[in-house]
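**Q** Sharing start_4.pdb (PDB, C-alpha atoms) below.
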ATOM      1  CA  MET A   1      18.996 -24.818   5.825
ATOM      2  CA  ARG A   2      18.190 -24.044   2.179
ATOM      3  CA  PHE A   3      14.602 -24.042   0.935
ATOM      4  CA  SER A   4      13.576 -24.929  -2.605
ATOM      5  CA  PRO A   5      12.394 -22.122  -4.913
ATOM      6  CA  ARG A   6       8.847 -23.489  -4.691
ATOM      7  CA  THR A   7       8.930 -23.420  -0.890
ATOM      8  CA  MET A   8      10.287 -19.869  -0.904
ATOM      9  CA  GLY A   9       7.584 -18.809  -3.353
ATOM     10  CA  LEU A  10       4.833 -20.325  -1.227
ATOM     11  CA  LEU A  11       6.280 -18.785   1.919
ATOM     12  CA  ALA A  12       6.467 -15.382   0.236
ATOM     13  CA  ALA A  13       2.826 -15.682  -0.876
ATOM     14  CA  VAL A  14       1.678 -16.562   2.649
ATOM     15  CA  VAL A  15       3.666 -13.693   4.182
ATOM     16  CA  THR A  16       2.377 -11.181   1.618
ATOM     17  CA  VAL A  17      -1.293 -12.082   1.944
ATOM     18  CA  THR A  18      -1.027 -12.265   5.748
ATOM     19  CA  LEU A  19       0.598  -8.839   6.036
ATOM     20  CA  TRP A  20      -1.798  -7.165   3.601
ATOM     21  CA  THR A  21      -4.779  -8.666   5.402
ATOM     22  CA  SER A  22      -3.415  -7.886   8.874
ATOM     23  CA  PHE A  23      -2.677  -4.286   7.897
ATOM     24  CA  ILE A  24      -6.369  -3.552   7.386
ATOM     25  CA  VAL A  25      -7.559  -5.290  10.543
ATOM     26  CA  ILE A  26      -4.800  -3.878  12.772
ATOM     27  CA  ALA A  27      -5.100  -0.331  11.421
ATOM     28  CA  ARG A  28      -8.818  -0.321  12.216
ATOM     29  CA  ALA A  29      -8.182  -1.778  15.684
ATOM     30  CA  ALA A  30      -5.580   0.957  16.289
ATOM     31  CA  ALA A  31      -8.263   3.590  15.722
ATOM     32  CA  GLU A  32      -9.928   2.372  18.918
ATOM     33  CA  ARG A  33      -6.736   2.651  20.989
ATOM     34  CA  THR A  34      -4.594   5.599  22.085
ATOM     35  CA  LEU A  35      -2.802   7.037  19.060
ATOM     36  CA  THR A  36      -4.054   9.493  16.462
ATOM     37  CA  PRO A  37      -3.718   8.728  12.731
ATOM     38  CA  PHE A  38      -0.864  11.234  12.495
ATOM     39  CA  ASP A  39       0.939   9.440  15.322
ATOM     40  CA  ILE A  40       0.582   6.112  13.520
ATOM     41  CA  VAL A  41       1.899   7.621  10.279
ATOM     42  CA  LEU A  42       4.932   8.895  12.201
ATOM     43  CA  LEU A  43       5.597   5.445  13.658
ATOM     44  CA  ARG A  44       5.149   3.807  10.243
ATOM     45  CA  ILE A  45       7.657   6.175   8.635
ATOM     46  CA  THR A  46      10.230   6.016  11.434
ATOM     47  CA  GLY A  47       9.942   2.240  11.742
ATOM     48  CA  ALA A  48      10.547   1.780   8.015
ATOM     49  CA  SER A  49      13.296   4.420   7.966
ATOM     50  CA  LEU A  50      15.315   2.659  10.652
ATOM     51  CA  VAL A  51      15.751  -0.202   8.187
ATOM     52  CA  LEU A  52      15.590   1.480   4.784
ATOM     53  CA  LEU A  53      17.689   4.617   5.291
ATOM     54  CA  PRO A  54      20.867   2.725   6.296
ATOM     55  CA  TRP A  55      20.143   0.329   3.427
ATOM     56  CA  GLY A  56      19.872   3.233   0.980
ATOM     57  CA  TRP A  57      23.044   4.875   2.313
ATOM     58  CA  TRP A  58      24.950   1.594   1.890
ATOM     59  CA  MET A  59      23.497   1.022  -1.604
ATOM     60  CA  VAL A  60      24.479   4.500  -2.829
ATOM     61  CA  ARG A  61      28.022   4.220  -1.504
ATOM     62  CA  ARG A  62      28.507   0.764  -2.964
ATOM     63  CA  ARG A  63      27.427   2.040  -6.382
ATOM     64  CA  ARG A  64      29.755   5.011  -6.145
ATOM     65  CA  ALA A  65      32.653   2.805  -5.155
ATOM     66  CA  ALA A  66      31.978   0.435  -8.052
ATOM     67  CA  LEU A  67      31.069   2.919 -10.792
ATOM     68  CA  GLY A  68      32.620   6.211  -9.693
ATOM     69  CA  ALA A  69      31.409   9.164 -11.734
ATOM     70  CA  ALA A  70      29.226   6.847 -13.835
ATOM     71  CA  ALA A  71      27.076   5.896 -10.804
ATOM     72  CA  PRO A  72      23.357   6.739 -11.154
ATOM     73  CA  ALA A  73      22.145   9.941  -9.523
ATOM     74  CA  SER A  74      21.090   9.820  -5.878
ATOM     75  CA  SER A  75      19.540  12.414  -3.555
ATOM     76  CA  LEU A  76      18.753  13.397   0.047
ATOM     77  CA  ALA A  77      22.393  13.313   1.149
ATOM     78  CA  GLY A  78      22.823   9.876  -0.383
ATOM     79  CA  PHE A  79      20.010   8.177   1.522
ATOM     80  CA  SER A  80      17.808   7.877  -1.565
ATOM     81  CA  PRO A  81      19.245   5.837  -4.456
ATOM     82  CA  LEU A  82      17.034   7.750  -6.925
ATOM     83  CA  PRO A  83      17.239  11.321  -8.317
ATOM     84  CA  LEU A  84      15.511  14.053  -6.291
ATOM     85  CA  ARG A  85      12.553  14.597  -8.631
ATOM     86  CA  THR A  86      11.733  10.891  -8.798
ATOM     87  CA  THR A  87      12.230  10.547  -5.040
ATOM     88  CA  ALA A  88       9.867  13.460  -4.374
ATOM     89  CA  ILE A  89       7.137  12.079  -6.648
ATOM     90  CA  LEU A  90       7.284   8.575  -5.208
ATOM     91  CA  GLY A  91       7.627   9.827  -1.644
ATOM     92  CA  THR A  92       4.682  12.215  -1.915
ATOM     93  CA  PHE A  93       2.194   9.687  -3.251
ATOM     94  CA  GLY A  94       3.514   6.403  -1.858
ATOM     95  CA  GLY A  95       5.020   7.602   1.410
ATOM     96  CA  LEU A  96       2.968  10.578   2.594
ATOM     97  CA  LEU A  97      -0.473  10.879   1.009
ATOM     98  CA  TYR A  98      -1.234   7.158   1.035
ATOM     99  CA  ALA A  99      -0.371   6.716   4.720
ATOM    100  CA  VAL A 100      -2.107   9.872   5.966
ATOM    101  CA  MET A 101      -5.346   9.173   4.098
ATOM    102  CA  ALA A 102      -5.427   5.434   4.775
ATOM    103  CA  TYR A 103      -4.891   5.709   8.525
ATOM    104  CA  SER A 104      -7.265   8.672   8.795
ATOM    105  CA  GLY A 105      -9.914   6.656   6.980
ATOM    106  CA  PHE A 106      -9.859   3.944   9.654
ATOM    107  CA  PHE A 107     -10.965   6.530  12.234
ATOM    108  CA  HIS A 108     -14.225   7.039  10.332
ATOM    109  CA  ALA A 109     -15.113   3.812   8.508
ATOM    110  CA  PRO A 110     -14.936   0.090   9.323
ATOM    111  CA  ALA A 111     -12.290  -2.309   8.066
ATOM    112  CA  THR A 112     -14.854  -4.146   5.929
ATOM    113  CA  HIS A 113     -15.178  -0.987   3.839
ATOM    114  CA  ALA A 114     -11.404  -0.605   3.607
ATOM    115  CA  SER A 115     -11.134  -4.202   2.377
ATOM    116  CA  VAL A 116     -13.091  -3.346  -0.750
ATOM    117  CA  LEU A 117     -12.220   0.296  -1.298
ATOM    118  CA  MET A 118      -8.411   0.074  -0.904
ATOM    119  CA  PRO A 119      -6.917  -3.214  -2.168
ATOM    120  CA  GLY A 120     -10.067  -3.951  -4.132
ATOM    121  CA  SER A 121     -10.108  -0.703  -6.117
ATOM    122  CA  LEU A 122      -6.343  -0.448  -6.731
ATOM    123  CA  PRO A 123      -6.562  -2.218 -10.120
ATOM    124  CA  LEU A 124      -9.267   0.235 -11.197
ATOM    125  CA  TRP A 125      -7.337   3.404 -10.429
ATOM    126  CA  THR A 126      -4.036   1.975 -11.637
ATOM    127  CA  ALA A 127      -5.569   0.959 -14.964
ATOM    128  CA  LEU A 128      -7.162   4.378 -15.491
ATOM    129  CA  LEU A 129      -3.996   6.268 -14.583
ATOM    130  CA  ALA A 130      -1.847   3.959 -16.729
ATOM    131  CA  ALA A 131      -4.191   4.545 -19.675
ATOM    132  CA  TRP A 132      -3.901   8.298 -19.169
ATOM    133  CA  LEU A 133      -0.206   8.674 -18.345
ATOM    134  CA  LEU A 134       1.342   5.622 -20.015
ATOM    135  CA  ARG A 135      -1.113   5.210 -22.903
ATOM    136  CA  ASP A 136      -1.900   1.654 -21.831
ATOM    137  CA  HIS A 137      -4.686   0.028 -23.807
ATOM    138  CA  ILE A 138      -7.767  -1.129 -21.887
ATOM    139  CA  THR A 139      -9.131  -4.219 -23.623
ATOM    140  CA  PRO A 140     -12.842  -5.102 -23.550
ATOM    141  CA  LEU A 141     -12.212  -7.931 -21.081
ATOM    142  CA  ARG A 142     -10.235  -5.666 -18.804
ATOM    143  CA  ALA A 143     -12.947  -3.007 -19.057
ATOM    144  CA  ALA A 144     -15.469  -5.623 -17.931
ATOM    145  CA  GLY A 145     -13.305  -6.397 -14.904
ATOM    146  CA  LEU A 146     -13.030  -2.700 -14.048
ATOM    147  CA  ALA A 147     -16.813  -2.329 -14.371
ATOM    148  CA  LEU A 148     -17.267  -5.119 -11.818
ATOM    149  CA  ILE A 149     -14.886  -3.339  -9.443
ATOM    150  CA  VAL A 150     -16.815  -0.060  -9.821
ATOM    151  CA  ALA A 151     -20.090  -1.869  -9.128
ATOM    152  CA  GLY A 152     -18.598  -3.466  -6.005
ATOM    153  CA  ASP A 153     -17.248  -0.137  -4.765
ATOM    154  CA  LEU A 154     -20.642   1.517  -5.269
ATOM    155  CA  LEU A 155     -22.382  -1.229  -3.341
ATOM    156  CA  VAL A 156     -20.052  -0.697  -0.400
ATOM    157  CA  GLY A 157     -19.574   3.066  -0.423
ATOM    158  CA  GLY A 158     -22.847   4.191  -1.944
ATOM    159  CA  SER A 159     -24.931   3.638   1.171
ATOM    160  CA  SER A 160     -22.552   5.624   3.383
ATOM    161  CA  LEU A 161     -22.506   8.472   0.859
ATOM    162  CA  LEU A 162     -26.304   8.579   0.965
ATOM    163  CA  ALA A 163     -26.172   8.481   4.770
ATOM    164  CA  ALA A 164     -24.149  11.710   4.701
ATOM    165  CA  PHE A 165     -27.413  13.601   4.087
ATOM    166  CA  SER A 166     -28.640  12.434   7.500
ATOM    167  CA  GLY A 167     -25.405  13.200   9.305
ATOM    168  CA  GLY A 168     -23.557   9.926   8.816
ATOM    169  CA  ASP A 169     -19.778   9.970   9.193
ATOM    170  CA  VAL A 170     -18.711   6.734   7.483
ATOM    171  CA  TRP A 171     -18.615   8.395   4.059
ATOM    172  CA  LYS A 172     -15.551  10.381   5.165
ATOM    173  CA  GLY A 173     -13.641   7.167   5.761
ATOM    174  CA  ASP A 174     -14.846   5.679   2.470
ATOM    175  CA  LEU A 175     -13.699   8.780   0.615
ATOM    176  CA  LEU A 176     -10.310   8.673   2.346
ATOM    177  CA  PHE A 177      -9.917   4.986   1.461
ATOM    178  CA  MET A 178     -10.606   5.753  -2.188
ATOM    179  CA  LEU A 179      -8.161   8.665  -2.165
ATOM    180  CA  ALA A 180      -5.551   6.418  -0.543
ATOM    181  CA  ALA A 181      -6.036   3.897  -3.347
ATOM    182  CA  VAL A 182      -5.676   6.690  -5.928
ATOM    183  CA  SER A 183      -2.472   7.864  -4.221
ATOM    184  CA  TRP A 184      -0.962   4.384  -4.262
ATOM    185  CA  ALA A 185      -2.023   3.861  -7.860
ATOM    186  CA  THR A 186      -0.333   7.156  -8.779
ATOM    187  CA  TYR A 187       2.830   6.031  -7.011
ATOM    188  CA  SER A 188       2.714   2.721  -8.855
ATOM    189  CA  VAL A 189       2.225   4.253 -12.289
ATOM    190  CA  GLN A 190       4.962   6.827 -11.676
ATOM    191  CA  ALA A 191       7.332   4.089 -10.541
ATOM    192  CA  ARG A 192       6.564   2.222 -13.738
ATOM    193  CA  ARG A 193       6.922   5.391 -15.791
ATOM    194  CA  HIS A 194      10.392   6.029 -14.391
ATOM    195  CA  ALA A 195      11.319   2.317 -14.589
ATOM    196  CA  VAL A 196      12.576   2.158 -11.021
ATOM    197  CA  ASP A 197      13.580  -0.934  -9.091
ATOM    198  CA  ALA A 198      11.114  -2.023  -6.380
ATOM    199  CA  VAL A 199      13.618  -1.909  -3.512
ATOM    200  CA  GLN A 200      15.045   1.438  -4.605
ATOM    201  CA  ALA A 201      11.533   2.892  -4.884
ATOM    202  CA  THR A 202      10.692   1.749  -1.365
ATOM    203  CA  ILE A 203      13.897   3.207   0.049
ATOM    204  CA  ALA A 204      13.293   6.481  -1.807
ATOM    205  CA  LEU A 205       9.730   6.907  -0.547
ATOM    206  CA  ALA A 206      10.816   6.167   3.036
ATOM    207  CA  ALA A 207      13.690   8.663   2.840
ATOM    208  CA  PHE A 208      11.484  11.427   1.429
ATOM    209  CA  ALA A 209       8.635  10.731   3.860
ATOM    210  CA  CYS A 210      11.049  10.817   6.803
ATOM    211  CA  LEU A 211      12.652  14.067   5.682
ATOM    212  CA  VAL A 212       9.320  15.831   5.068
ATOM    213  CA  TYR A 213       6.857  14.305   7.523
ATOM    214  CA  VAL A 214       8.891  14.166  10.734
ATOM    215  CA  PRO A 215       9.772  17.909  10.911
ATOM    216  CA  THR A 216       6.300  18.892   9.638
ATOM    217  CA  TYR A 217       4.670  16.728  12.298
ATOM    218  CA  ALA A 218       6.882  18.246  15.007
ATOM    219  CA  LEU A 219       6.114  21.797  13.794
ATOM    220  CA  LEU A 220       2.348  21.227  13.729
ATOM    221  CA  ILE A 221       2.460  19.694  17.207
ATOM    222  CA  GLY A 222       4.454  22.688  18.462
ATOM    223  CA  LEU A 223       1.956  25.132  16.948
ATOM    224  CA  GLY A 224      -0.991  23.224  18.398
ATOM    225  CA  ALA A 225      -2.480  22.587  14.963
ATOM    226  CA  VAL A 226      -2.350  18.804  15.419
ATOM    227  CA  THR A 227      -2.912  16.732  18.532
ATOM    228  CA  SER A 228      -0.485  13.972  19.495
ATOM    229  CA  ARG A 229      -1.055  11.204  22.007
ATOM    230  CA  LEU A 230       2.416   9.692  21.836
ATOM    231  CA  ALA A 231       3.225  10.983  25.317
ATOM    232  CA  VAL A 232       0.352   9.048  26.913
ATOM    233  CA  ALA A 233       0.483   5.932  24.729
ATOM    234  CA  PRO A 234       2.002   2.792  26.262
ATOM    235  CA  TRP A 235       5.445   1.861  24.952
ATOM    236  CA  SER A 236       4.139  -1.519  23.844
ATOM    237  CA  GLU A 237       1.712   0.183  21.446
ATOM    238  CA  ILE A 238       4.397   2.506  20.063
ATOM    239  CA  VAL A 239       6.944  -0.259  19.508
ATOM    240  CA  PHE A 240       4.314  -2.526  17.951
ATOM    241  CA  HIS A 241       3.327   0.047  15.341
ATOM    242  CA  MET A 242       6.931   0.857  14.493
ATOM    243  CA  ALA A 243       7.607  -2.840  14.006
ATOM    244  CA  PHE A 244       4.417  -3.829  12.204
ATOM    245  CA  GLN A 245       3.390  -0.715  10.276
ATOM    246  CA  GLY A 246       6.968   0.218   9.384
ATOM    247  CA  GLY A 247       8.951  -2.986   9.380
ATOM    248  CA  GLY A 248       6.142  -5.334   8.376
ATOM    249  CA  SER A 249       3.795  -3.394   6.098
ATOM    250  CA  VAL A 250       6.509  -1.417   4.300
ATOM    251  CA  VAL A 251       9.725  -3.467   4.380
ATOM    252  CA  ILE A 252       8.866  -7.153   4.736
ATOM    253  CA  SER A 253       5.758  -7.143   2.544
ATOM    254  CA  GLY A 254       7.704  -5.324  -0.179
ATOM    255  CA  ILE A 255      10.392  -7.991  -0.209
ATOM    256  CA  SER A 256       7.942 -10.893   0.070
ATOM    257  CA  PHE A 257       5.763  -9.629  -2.789
ATOM    258  CA  THR A 258       8.809  -9.223  -5.009
ATOM    259  CA  ARG A 259       9.843 -12.813  -4.215
ATOM    260  CA  MET A 260       6.318 -14.073  -4.898
ATOM    261  CA  ILE A 261       6.310 -12.365  -8.294
ATOM    262  CA  GLN A 262       9.657 -13.960  -9.153
ATOM    263  CA  HIS A 263       8.316 -17.447  -8.462
ATOM    264  CA  PHE A 264       4.656 -17.339  -9.536
ATOM    265  CA  GLY A 265       4.784 -14.602 -12.180
ATOM    266  CA  PRO A 266       2.520 -11.542 -12.336
ATOM    267  CA  VAL A 267      -0.698 -13.329 -13.347
ATOM    268  CA  ARG A 268      -0.771 -16.008 -10.654
ATOM    269  CA  SER A 269       0.485 -13.515  -8.070
ATOM    270  CA  THR A 270      -2.445 -11.237  -8.857
ATOM    271  CA  MET A 271      -4.840 -14.139  -8.391
ATOM    272  CA  ILE A 272      -3.253 -14.850  -4.997
ATOM    273  CA  THR A 273      -3.552 -11.233  -3.840
ATOM    274  CA  ALA A 274      -7.219 -11.230  -4.898
ATOM    275  CA  LEU A 275      -7.734 -13.125  -1.620
ATOM    276  CA  VAL A 276      -6.955  -9.999   0.420
ATOM    277  CA  PRO A 277     -10.322  -8.154   0.220
ATOM    278  CA  GLY A 278     -12.288 -11.218   1.306
ATOM    279  CA  LEU A 279      -9.828 -12.335   3.988
ATOM    280  CA  SER A 280      -9.520  -8.877   5.528
ATOM    281  CA  ALA A 281     -13.303  -8.490   5.591
ATOM    282  CA  MET A 282     -13.640 -11.856   7.322
ATOM    283  CA  GLY A 283     -10.897 -10.822   9.736
ATOM    284  CA  ALA A 284     -12.770  -7.623  10.566
ATOM    285  CA  VAL A 285     -15.938  -9.605  11.265
ATOM    286  CA  TYR A 286     -14.163 -12.212  13.403
ATOM    287  CA  PHE A 287     -11.610 -10.114  15.306
ATOM    288  CA  LEU A 288     -13.344  -6.717  15.434
ATOM    289  CA  GLY A 289     -16.967  -7.816  15.559
ATOM    290  CA  GLU A 290     -17.931  -5.733  12.528
ATOM    291  CA  PRO A 291     -21.252  -6.606  10.854
ATOM    292  CA  LEU A 292     -21.138  -8.047   7.359
ATOM    293  CA  TYR A 293     -24.195  -6.760   5.540
ATOM    294  CA  TRP A 294     -25.433  -8.095   2.216
ATOM    295  CA  ASN A 295     -24.079  -5.116   0.269
ATOM    296  CA  LEU A 296     -20.586  -5.746   1.668
ATOM    297  CA  VAL A 297     -20.711  -9.408   0.687
ATOM    298  CA  ALA A 298     -21.953  -8.518  -2.797
ATOM    299  CA  GLY A 299     -19.333  -5.786  -3.116
ATOM    300  CA  LEU A 300     -16.540  -8.150  -2.108
ATOM    301  CA  LEU A 301     -17.686 -10.754  -4.630
ATOM    302  CA  LEU A 302     -17.908  -8.207  -7.441
ATOM    303  CA  VAL A 303     -14.515  -6.659  -6.677
ATOM    304  CA  THR A 304     -12.803 -10.055  -6.424
ATOM    305  CA  ALA A 305     -14.433 -11.157  -9.672
ATOM    306  CA  GLY A 306     -13.321  -7.928 -11.323
ATOM    307  CA  ILE A 307      -9.704  -8.472 -10.270
ATOM    308  CA  LEU A 308      -9.723 -12.024 -11.592
ATOM    309  CA  VAL A 309     -11.339 -11.000 -14.897
ATOM    310  CA  GLY A 310      -8.652  -8.341 -15.250
ATOM    311  CA  VAL A 311      -6.008 -11.037 -14.756
ATOM    312  CA  LEU A 312      -7.522 -13.232 -17.466
ATOM    313  CA  ARG A 313      -6.683 -10.668 -20.112
ATOM    314  CA  LYS A 314      -2.995 -11.431 -19.506
ATOM    315  CA  SER A 315      -3.313 -15.176 -19.379
ATOM    316  CA  GLN A 316      -2.186 -15.582 -22.988
ATOM    317  CA  ALA A 317       0.706 -13.158 -22.655
ATOM    318  CA  PRO A 318       4.192 -14.278 -21.650
ATOM    319  CA  ALA A 319       5.099 -13.552 -18.065
ATOM    320  CA  ALA A 320       7.314 -10.531 -17.542
ATOM    321  CA  PRO A 321      10.840 -11.169 -16.303
ATOM    322  CA  ALA A 322      11.285 -10.725 -12.586
ATOM    323  CA  SER A 323      13.425  -7.628 -13.035
ATOM    324  CA  ALA A 324      10.620  -5.893 -14.912
ATOM    325  CA  VAL A 325       7.833  -6.680 -12.485
ATOM    326  CA  GLN A 326       6.371  -3.854 -10.462
ATOM    327  CA  PRO A 327       5.433  -5.220  -7.020
ATOM    328  CA  GLN A 328       2.325  -4.391  -4.874
ATOM    329  CA  HIS A 329      -1.073  -5.196  -6.285
ATOM    330  CA  PRO A 330      -1.686  -6.518  -9.805
ATOM    331  CA  THR A 331      -0.303  -3.352 -11.311
ATOM    332  CA  THR A 332       1.466  -1.630  -8.429
ATOM    333  CA  THR A 333       5.050  -1.351  -7.320
ATOM    334  CA  GLN A 334       4.893  -2.294  -3.660
ATOM    335  CA  PRO A 335       2.246  -3.706  -1.405
ATOM    336  CA  GLY A 336      -0.611  -1.364  -0.560
ATOM    337  CA  PRO A 337      -0.344  -1.541   3.198
TER     338      PRO A 337
END
Output the file's structure as structure tokens, nothing else.

**A**
Amino acid sequence: MRFSPRTMGLLAAVVTVTLWTSFIVIARAAAERTLTPFDIVLLRITGASLVLLPWGWWMVRRRRAALGAAAPASSLAGFSPLPLRTTAILGTFGGLLYAVMAYSGFFHAPATHASVLMPGSLPLWTALLAAWLLRDHITPLRAAGLALIVAGDLLVGGSSLLAAFSGGDVWKGDLLFMLAAVSWATYSVQARRHAVDAVQATIALAAFACLVYVPTYALLIGLGAVTSRLAVAPWSEIVFHMAFQGGGSVVISGISFTRMIQHFGPVRSTMITALVPGLSAMGAVYFLGEPLYWNLVAGLLLVTAGILVGVLRKSQAPAAPASAVQPQHPTTTQPGP
């Protein structure tokens, strides 16, 4: 059965928003179960690598067979389709730092905070880094949108930062969420800077993360520096995280976001993904029983408004061709989860 382009675009949008929203709710729920954040990162990386490393190996060999000596440079024994330096940069920020800080954050702060401080603040950090590294121009309208995002972030994270003086612990999670957003924004800007393809970037970050994280994790466990609960976790929990965190959050959402961009264009796609902060916050309230205080509601509204105002600055510009689009959030290369 063949679906129309419109149907495929709508399906891709539904899959993308569902996976991004589910990532936040499920990651917070996982913090209440058996595994440590480092265990979950391992399962995310190995789950994605089972799909992406064979894909990368096949892609590199197909290029070599077709182009011979003129084939683009690859690395990591041919598992990454990108040169080593580019692979290391993308893998460090998009594969390692983002995952470690994001999952660690869920062990300290609620999902409602993550909803605002991760997907909600990505446009802010991406815009600032793009202005610094790529010399992108921040227009007055875009600056207004970024100001709204900052105000929303302060409403959500400010109270927990103040609570740190009385021994509160939530601020640690808020800080980790913000650092995770900065890491993903750095990955996105670097991917744009090196003009890499979305699929190749995803394969490269998975290959680098697998090569670096898995032996490091095993070494730290052996030395007793890090605790692992994989041995006592039920198999159902382990398999679920490999499938969802690795296969769903990394592989499927990357493909679905790329397809959504191809059909709706970057502007409308950004407006669709602006649903994620609100939906994930509602999901945390409904499924996890988290309270939704007034400052969280206000922060969500301000962040969502800021994203949409930032989109309006592009409304008069022609849509970028699909091959030039950088998937994830409005200005990122792959989905944030």

**Q** Using the chain letters and numbers from the file, give me the residues hit by the PyMOL selection byres ((chain A and resi 239) around 12), as a PyMOL selection string.

**A** chain A and resi 40+42-44+46-47+230+233-238+240-247

**Q** Taking the file as I've supplied it (selection: the PyMOL selection byres ((chain A and resi 290) around 9)), which residues are included? Please answer as a list in words.

**A** Pro110, Ala111, Thr112, Ala281, Ala284, Val285, Tyr286, Phe287, Leu288, Gly289, Pro291 and Leu292 of chain A

**Q** Next, dump the selected residues to file, keeping only C-alpha atoms, as a compact mmCIF listing (two decimals), in the frame of the given file.

**A**
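Listed below is the output, result37.txt:
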# COMPACT_ATOMS: atom_id res chain seq x y z
CA PRO A 110 -14.94 0.09 9.32
CA ALA A 111 -12.29 -2.31 8.07
CA THR A 112 -14.85 -4.15 5.93
CA ALA A 281 -13.30 -8.49 5.59
CA ALA A 284 -12.77 -7.62 10.57
CA VAL A 285 -15.94 -9.60 11.26
CA TYR A 286 -14.16 -12.21 13.40
CA PHE A 287 -11.61 -10.11 15.31
CA LEU A 288 -13.34 -6.72 15.43
CA GLY A 289 -16.97 -7.82 15.56
CA PRO A 291 -21.25 -6.61 10.85
CA LEU A 292 -21.14 -8.05 7.36

**Q** I'd like the interatomic distance between atom CA of A:Phe107 and atom CA of A:Leu279, to a tenth of an Å.

**A**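 Pair atom CA of A:Phe107 / atom CA of A:Leu279 returns 20.6 Å.
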
**Q** What is the atom CA of A:Gly145 to atom CA of A:Met271 distance in Å?

**A**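 That distance, rounded to one decimal, is 13.2 Å.
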
**Q** Interatomic distance between atom CA of A:Val41 and atom CA of A:Ala130?

**A**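 One can read the atom CA of A:Val41 to atom CA of A:Ala130 distance as 27.5 Å.
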
**Q** May I ask you to restore N, CA and C atoms in stretch 224-240 of chain A and write the result as a PDB file, in the frame of the given file?

**A**
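The new file out_31.pdb reads:
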ATOM      1  N   GLY A 224       0.323  23.594  17.893  1.00  0.00           N
ATOM      2  CA  GLY A 224      -0.991  23.224  18.398  1.00  0.00           C
ATOM      3  C   GLY A 224      -2.011  22.948  17.313  1.00  0.00           C
ATOM      4  N   ALA A 225      -1.548  22.840  16.064  1.00  0.00           N
ATOM      5  CA  ALA A 225      -2.480  22.587  14.963  1.00  0.00           C
ATOM      6  C   ALA A 225      -2.896  21.125  14.890  1.00  0.00           C
ATOM      7  N   VAL A 226      -2.079  20.244  15.427  1.00  0.00           N
ATOM      8  CA  VAL A 226      -2.350  18.804  15.419  1.00  0.00           C
ATOM      9  C   VAL A 226      -2.153  18.269  16.829  1.00  0.00           C
ATOM     10  N   THR A 227      -3.010  17.351  17.210  1.00  0.00           N
ATOM     11  CA  THR A 227      -2.912  16.732  18.532  1.00  0.00           C
ATOM     12  C   THR A 227      -2.122  15.432  18.448  1.00  0.00           C
ATOM     13  N   SER A 228      -1.231  15.220  19.408  1.00  0.00           N
ATOM     14  CA  SER A 228      -0.485  13.972  19.495  1.00  0.00           C
ATOM     15  C   SER A 228      -0.766  13.293  20.832  1.00  0.00           C
ATOM     16  N   ARG A 229      -0.844  11.973  20.784  1.00  0.00           N
ATOM     17  CA  ARG A 229      -1.055  11.204  22.007  1.00  0.00           C
ATOM     18  C   ARG A 229       0.115  10.245  22.267  1.00  0.00           C
ATOM     19  N   LEU A 230       1.234  10.530  21.624  1.00  0.00           N
ATOM     20  CA  LEU A 230       2.416   9.692  21.836  1.00  0.00           C
ATOM     21  C   LEU A 230       2.871   9.711  23.288  1.00  0.00           C
ATOM     22  N   ALA A 231       2.733  10.857  23.944  1.00  0.00           N
ATOM     23  CA  ALA A 231       3.225  10.983  25.317  1.00  0.00           C
ATOM     24  C   ALA A 231       2.435  10.128  26.303  1.00  0.00           C
ATOM     25  N   VAL A 232       1.177   9.824  25.985  1.00  0.00           N
ATOM     26  CA  VAL A 232       0.352   9.048  26.913  1.00  0.00           C
ATOM     27  C   VAL A 232       0.150   7.612  26.443  1.00  0.00           C
ATOM     28  N   ALA A 233       0.644   7.296  25.251  1.00  0.00           N
ATOM     29  CA  ALA A 233       0.483   5.932  24.729  1.00  0.00           C
ATOM     30  C   ALA A 233       1.467   4.988  25.410  1.00  0.00           C
ATOM     31  N   PRO A 234       1.064   3.759  25.684  1.00  0.00           N
ATOM     32  CA  PRO A 234       2.002   2.792  26.262  1.00  0.00           C
ATOM     33  C   PRO A 234       3.119   2.461  25.277  1.00  0.00           C
ATOM     34  N   TRP A 235       4.302   2.171  25.810  1.00  0.00           N
ATOM     35  CA  TRP A 235       5.445   1.861  24.952  1.00  0.00           C
ATOM     36  C   TRP A 235       5.185   0.633  24.085  1.00  0.00           C
ATOM     37  N   SER A 236       4.423  -0.313  24.616  1.00  0.00           N
ATOM     38  CA  SER A 236       4.139  -1.519  23.844  1.00  0.00           C
ATOM     39  C   SER A 236       3.388  -1.185  22.559  1.00  0.00           C
ATOM     40  N   GLU A 237       2.469  -0.223  22.632  1.00  0.00           N
ATOM     41  CA  GLU A 237       1.712   0.183  21.446  1.00  0.00           C
ATOM     42  C   GLU A 237       2.611   0.902  20.444  1.00  0.00           C
ATOM     43  N   ILE A 238       3.491   1.762  20.942  1.00  0.00           N
ATOM     44  CA  ILE A 238       4.397   2.506  20.063  1.00  0.00           C
ATOM     45  C   ILE A 238       5.358   1.564  19.346  1.00  0.00           C
ATOM     46  N   VAL A 239       5.977   0.674  20.099  1.00  0.00           N
ATOM     47  CA  VAL A 239       6.944  -0.259  19.508  1.00  0.00           C
ATOM     48  C   VAL A 239       6.252  -1.194  18.521  1.00  0.00           C
ATOM     49  N   PHE A 240       5.041  -1.632  18.856  1.00  0.00           N
ATOM     50  CA  PHE A 240       4.314  -2.526  17.951  1.00  0.00           C
ATOM     51  C   PHE A 240       4.074  -1.866  16.603  1.00  0.00           C
TER      52      PHE A 240
END
